[in-house]
>>> print(open('target26.tsv').read())   # TSV, C-alpha atoms and all ligand atoms
chain	number	residue	atom	x	y	z
A	618	MET	CA	0.00	0.00	0.00
A	619	LYS	CA	1.06	3.60	-0.57
A	620	ILE	CA	0.71	5.73	2.54
A	621	PHE	CA	0.85	9.52	2.34
A	622	PHE	CA	1.67	11.27	5.61
A	623	ASP	CA	1.18	14.93	6.30
A	624	LEU	CA	4.18	16.31	8.22
A	625	ASP	CA	3.41	19.08	10.73
A	626	GLY	CA	1.08	17.88	13.46
A	627	THR	CA	1.16	14.33	12.08
A	628	LEU	CA	4.78	13.10	12.21
A	629	ILE	CA	6.22	16.20	13.87
A	630	ASP	CA	5.02	18.30	16.80
A	631	SER	CA	5.49	21.88	15.56
A	632	LYS	CA	3.45	23.61	18.24
A	633	LYS	CA	6.48	25.11	19.99
A	634	ARG	CA	7.79	26.55	16.71
A	635	LEU	CA	4.50	28.28	15.96
A	636	TYR	CA	4.01	29.58	19.50
A	637	ASN	CA	7.56	30.92	19.74
A	638	LEU	CA	7.27	32.74	16.43
A	639	PHE	CA	3.91	34.18	17.50
A	640	CYS	CA	5.54	35.49	20.73
A	641	ASP	CA	8.45	36.98	18.79
A	642	LEU	CA	6.17	38.80	16.34
A	643	VAL	CA	3.42	39.94	18.71
A	644	GLN	CA	4.91	42.11	21.47
A	645	GLU	CA	1.48	42.43	23.15
A	646	ASN	CA	1.07	38.68	23.50
A	647	ASP	CA	0.07	37.59	26.99
A	648	LEU	CA	-1.25	34.13	26.07
A	649	SER	CA	0.57	31.17	27.59
A	650	TYR	CA	1.49	28.22	25.37
A	651	ASP	CA	-1.58	26.30	26.61
A	652	GLU	CA	-3.94	29.26	26.19
A	653	TYR	CA	-2.66	29.88	22.65
A	654	TRP	CA	-3.10	26.24	21.62
A	655	ASN	CA	-6.52	25.98	23.24
A	656	LEU	CA	-7.67	28.79	20.98
A	657	LYS	CA	-5.99	27.39	17.88
A	658	MET	CA	-7.38	23.90	18.40
A	659	ASN	CA	-10.83	25.44	18.49
A	660	LYS	CA	-10.19	26.91	15.05
A	661	VAL	CA	-9.38	30.44	16.24
A	662	SER	CA	-6.73	31.64	13.78
A	663	ASN	CA	-3.74	33.90	14.45
A	664	TYR	CA	-5.60	36.60	12.55
A	665	ASP	CA	-8.70	36.25	14.75
A	666	ILE	CA	-6.50	36.56	17.84
A	667	LEU	CA	-4.74	39.65	16.49
A	668	LYS	CA	-7.94	41.39	15.42
A	669	ASP	CA	-10.19	40.46	18.34
A	670	LYS	CA	-7.77	40.38	21.24
A	671	TYR	CA	-5.10	42.89	20.25
A	672	ASN	CA	-7.15	45.18	17.97
A	673	TYR	CA	-4.84	44.85	14.98
A	674	SER	CA	-5.88	46.78	11.86
A	675	SER	CA	-6.11	44.89	8.55
A	676	ASP	CA	-2.78	46.42	7.46
A	677	LYS	CA	-1.08	45.31	10.65
A	678	VAL	CA	-2.52	41.79	10.25
A	679	GLU	CA	-1.26	41.66	6.66
A	680	ASN	CA	2.18	42.78	7.81
A	681	PHE	CA	2.15	40.04	10.46
A	682	ARG	CA	1.13	37.46	7.84
A	683	SER	CA	3.99	38.28	5.50
A	684	ILE	CA	6.64	38.29	8.25
A	685	TRP	CA	5.19	35.04	9.63
A	686	MET	CA	5.51	33.34	6.24
A	687	SER	CA	9.07	34.60	5.76
A	688	LYS	CA	10.23	33.32	9.16
A	689	ILE	CA	8.21	30.20	9.93
A	690	GLU	CA	10.58	27.82	8.11
A	691	GLN	CA	13.84	29.43	9.21
A	692	ARG	CA	16.18	26.95	10.89
A	693	LYS	CA	16.10	29.05	14.06
A	694	TYR	CA	12.42	28.12	14.38
A	695	LEU	CA	12.51	24.65	12.78
A	696	LYS	CA	14.85	23.68	15.63
A	697	TYR	CA	11.86	23.77	17.98
A	698	ASP	CA	10.15	20.90	16.12
A	699	ILE	CA	10.24	17.45	17.70
A	700	PRO	CA	9.16	14.08	16.29
A	701	ILE	CA	5.95	12.63	17.74
A	702	PRO	CA	7.35	10.19	20.37
A	703	GLY	CA	8.11	6.76	18.88
A	704	VAL	CA	7.45	7.80	15.30
A	705	GLY	CA	10.96	6.99	14.05
A	706	ASN	CA	10.70	3.30	14.94
A	707	PHE	CA	7.12	3.19	13.68
A	708	LEU	CA	8.15	4.55	10.28
A	709	ARG	CA	11.15	2.23	10.07
A	710	SER	CA	9.08	-0.90	10.51
A	711	LEU	CA	6.21	0.33	8.33
A	712	SER	CA	8.60	1.22	5.50
A	713	ASN	CA	9.60	-2.46	5.25
A	714	LYS	CA	6.09	-3.41	4.16
A	715	HIS	CA	4.63	-0.31	2.51
A	716	ASP	CA	5.63	2.61	0.31
A	717	LEU	CA	5.71	5.71	2.49
A	718	TYR	CA	5.47	9.30	1.27
A	719	VAL	CA	5.42	12.66	2.99
A	720	VAL	CA	3.16	15.31	1.51
A	721	THR	CA	3.39	18.73	3.11
A	722	ALA	CA	2.28	22.30	2.43
A	723	ARG	CA	5.64	23.70	3.55
A	724	GLN	CA	7.22	26.47	1.44
A	725	ASN	CA	10.70	24.95	1.26
A	726	LYS	CA	11.86	21.39	0.70
A	727	GLU	CA	15.38	22.07	2.07
A	728	GLY	CA	14.06	22.66	5.58
A	729	VAL	CA	12.14	19.38	5.47
A	730	LEU	CA	15.19	17.42	4.31
A	731	TRP	CA	17.35	19.14	6.94
A	732	GLN	CA	14.92	17.97	9.64
A	733	PHE	CA	14.72	14.42	8.22
A	734	ASN	CA	18.51	14.23	8.39
A	735	ARG	CA	18.48	15.37	12.01
A	736	PHE	CA	15.80	12.82	12.91
A	737	GLY	CA	17.39	9.96	10.90
A	738	TRP	CA	14.26	9.56	8.75
A	739	MET	CA	15.87	9.97	5.35
A	740	ASN	CA	15.55	6.33	4.24
A	741	PHE	CA	11.96	5.74	5.30
A	742	PHE	CA	10.26	7.55	2.42
A	743	LYS	CA	9.99	6.83	-1.29
A	744	ASN	CA	9.52	10.53	-1.86
A	745	VAL	CA	9.08	13.81	-0.02
A	746	LEU	CA	6.41	15.92	-1.71
A	747	VAL	CA	6.35	19.64	-0.88
A	748	THR	CA	3.70	21.98	-2.30
A	749	GLU	CA	6.01	25.04	-1.97
A	750	GLN	CA	2.91	27.26	-2.40
A	751	LYS	CA	2.85	26.29	-6.10
A	752	ARG	CA	0.91	23.01	-6.15
A	753	THR	CA	-1.76	21.36	-4.08
A	754	LYS	CA	-1.33	18.14	-2.13
A	755	ILE	CA	-3.90	16.56	-4.44
A	756	GLN	CA	-1.81	17.43	-7.53
A	757	LEU	CA	1.34	16.00	-5.95
A	758	ILE	CA	-0.31	12.73	-4.91
A	759	ILE	CA	-2.00	12.18	-8.30
A	760	GLU	CA	1.43	11.85	-9.91
A	761	LYS	CA	2.38	9.01	-7.57
A	762	VAL	CA	-0.66	6.75	-7.75
A	763	GLU	CA	-2.05	4.37	-10.35
A	764	GLN	CA	-5.76	3.78	-10.84
A	765	ASN	CA	-7.32	1.37	-8.37
A	766	GLU	CA	-4.21	1.36	-6.22
A	767	GLU	CA	-4.77	0.99	-2.50
A	768	ILE	CA	-3.77	4.19	-0.75
A	769	MET	CA	-4.04	5.78	2.67
A	770	VAL	CA	-3.82	9.49	3.55
A	771	VAL	CA	-2.93	10.44	7.12
A	772	GLY	CA	-3.15	13.98	8.47
A	773	ASP	CA	-4.22	16.30	11.27
A	774	THR	CA	-6.48	18.73	9.40
A	775	GLY	CA	-9.76	18.75	7.53
A	776	LYS	CA	-7.86	19.63	4.38
A	777	ASP	CA	-5.87	16.38	4.64
A	778	ILE	CA	-9.08	14.36	4.97
A	779	ILE	CA	-10.74	16.14	2.03
A	780	CYS	CA	-7.58	15.49	0.00
A	781	GLY	CA	-7.66	11.75	0.83
A	782	LYS	CA	-11.36	11.43	0.03
A	783	SER	CA	-10.79	12.91	-3.42
A	784	PHE	CA	-8.75	9.75	-4.22
A	785	ASP	CA	-11.04	7.30	-2.50
A	786	ALA	CA	-8.16	6.68	-0.14
A	787	LYS	CA	-8.57	5.33	3.34
A	788	THR	CA	-8.42	8.50	5.47
A	789	VAL	CA	-6.89	8.63	8.93
A	790	ALA	CA	-7.07	11.71	11.17
A	791	VAL	CA	-4.61	12.08	14.05
A	792	LEU	CA	-5.09	14.07	17.25
A	793	THR	CA	-1.43	15.09	17.63
A	794	GLY	CA	-1.90	18.20	15.54
A	795	PHE	CA	-3.91	21.35	15.27
A	796	LEU	CA	-7.50	20.15	15.54
A	797	ASN	CA	-9.38	18.38	18.31
A	798	TYR	CA	-11.74	15.40	17.96
A	799	GLN	CA	-14.93	17.48	17.64
A	800	ASN	CA	-13.46	19.48	14.78
A	801	LEU	CA	-11.97	16.50	12.94
A	802	VAL	CA	-15.05	14.30	13.13
A	803	GLU	CA	-16.94	16.84	10.97
A	804	TYR	CA	-14.80	15.81	8.00
A	805	LYS	CA	-15.80	12.16	8.41
A	806	PRO	CA	-12.40	10.48	8.21
A	807	ASP	CA	-12.52	6.66	8.15
A	808	VAL	CA	-10.61	6.55	11.44
A	809	ILE	CA	-9.55	9.04	14.12
A	810	VAL	CA	-6.56	7.96	16.23
A	811	ASP	CA	-4.60	9.57	19.07
A	812	SER	CA	-1.39	9.41	17.04
A	813	VAL	CA	0.06	7.73	13.95
A	814	LEU	CA	1.39	4.98	16.23
A	815	ASP	CA	-2.20	3.80	16.72
A	816	ILE	CA	-2.85	3.17	13.02
A	817	LYS	CA	-3.68	-0.47	12.35
A	818	ILE	CA	-2.53	-1.57	8.91
B	1	MG	MG	-0.53	19.13	9.40
>>> encode(input="target26.tsv", output="structure tokens")
Amino acid sequence: MKIFFDLDGTLIDSKKRLYNLFCDLVQENDLSYDEYWNLKMNKVSNYDILKDKYNYSSDKVENFRSIWMSKIEQRKYLKYDIPIPGVGNFLRSLSNKHDLYVVTARQNKEGVLWQFNRFGWMNFFKNVLVTEQKRTKIQLIIEKVEQNEEIMVVGDTGKDIICGKSFDAKTVAVLTGFLNYQNLVEYKPDVIVDSVLDIKI
């Protein structure tokens, strides 16, 4: 089987990276890590927080957005990312039986490969697919699958589930990322698991 894993929130915990960048960019921030992630996991975006809590104007929000995008994949921030506990061994054993892919909406492939080197994950994947803001995940996956092939798409967001359903893939939602159970269940994934380690294949 071909298994397509999302990266952030699925194989990697990137919550510290995002929170630290938010703190660096928003001087007014008085939200703790837990308070920030409670809001985000209930689908309150950075922009909602800035407008509603800190009274940012549209221009100021736009300025935040462009600086956020320029910094979010800098190594200084990528260093905060940690693998979901146990995921390295899980991927190693799974890669012996199945073809594994990563498909991520990151802007830069270099940062992903740099992290995979650090984590020792380089040999687990047939291919690392990065949208780089030019393609969609759906377009990248289409190129890798044959008709009627058995595939699985694993991710932490509604977008990942919608993507998987467009291929008739088995869809698995994980709770290690940016949405909670109540929000994920709306997208009707085939399975919702605490983490990728709980996937039964
Ligand atoms: Mg994700």
>>> atom_distance(input="target26.tsv", atom1="atom CA of Tyr636 of chain A", atom2="atom CA of Ile816 of chain A")
28.0 Å
>>> residues_near_point(input="target26.tsv", point="(-9.6, 9.6, 10.5)", cutoff="6 Å", atoms="all atoms listed in the file", output="short mmCIF file (atom, residue, chain, number, x, y, z; two decimals) with C-alpha atoms, in the frame of the given file")
data_model
loop_
_atom_site.label_atom_id
_atom_site.label_comp_id
_atom_site.auth_asym_id
_atom_site.auth_seq_id
_atom_site.Cartn_x
_atom_site.Cartn_y
_atom_site.Cartn_z
CA THR A 788 -8.42 8.50 5.47
CA VAL A 789 -6.89 8.63 8.93
CA ALA A 790 -7.07 11.71 11.17
CA PRO A 806 -12.40 10.48 8.21
CA ASP A 807 -12.52 6.66 8.15
CA VAL A 808 -10.61 6.55 11.44
CA ILE A 809 -9.55 9.04 14.12
#
>>> residues_near_ligand(input="target26.tsv", ligand="ligand MG 1 (chain B)", cutoff="7 Å", atoms="all atoms listed in the file", output="MDAnalysis selection string")
chainID A and resid 623:627 772:774 794
>>> residues_around(input="target26.tsv", residues="Lys787 of chain A", least_positions_apart="3", cutoff="12 Å", atoms="only C-alpha atoms", output="NGL selection string")
:A and (618-621 or 766-772 or 777-784 or 790 or 805-809 or 816-818)
>>> closest_residue(input="target26.tsv", among="A:Lys633, A:Lys696, A:Arg752, A:Lys660", to="Val729 of chain A", atoms="only C-alpha atoms")
A:Lys696
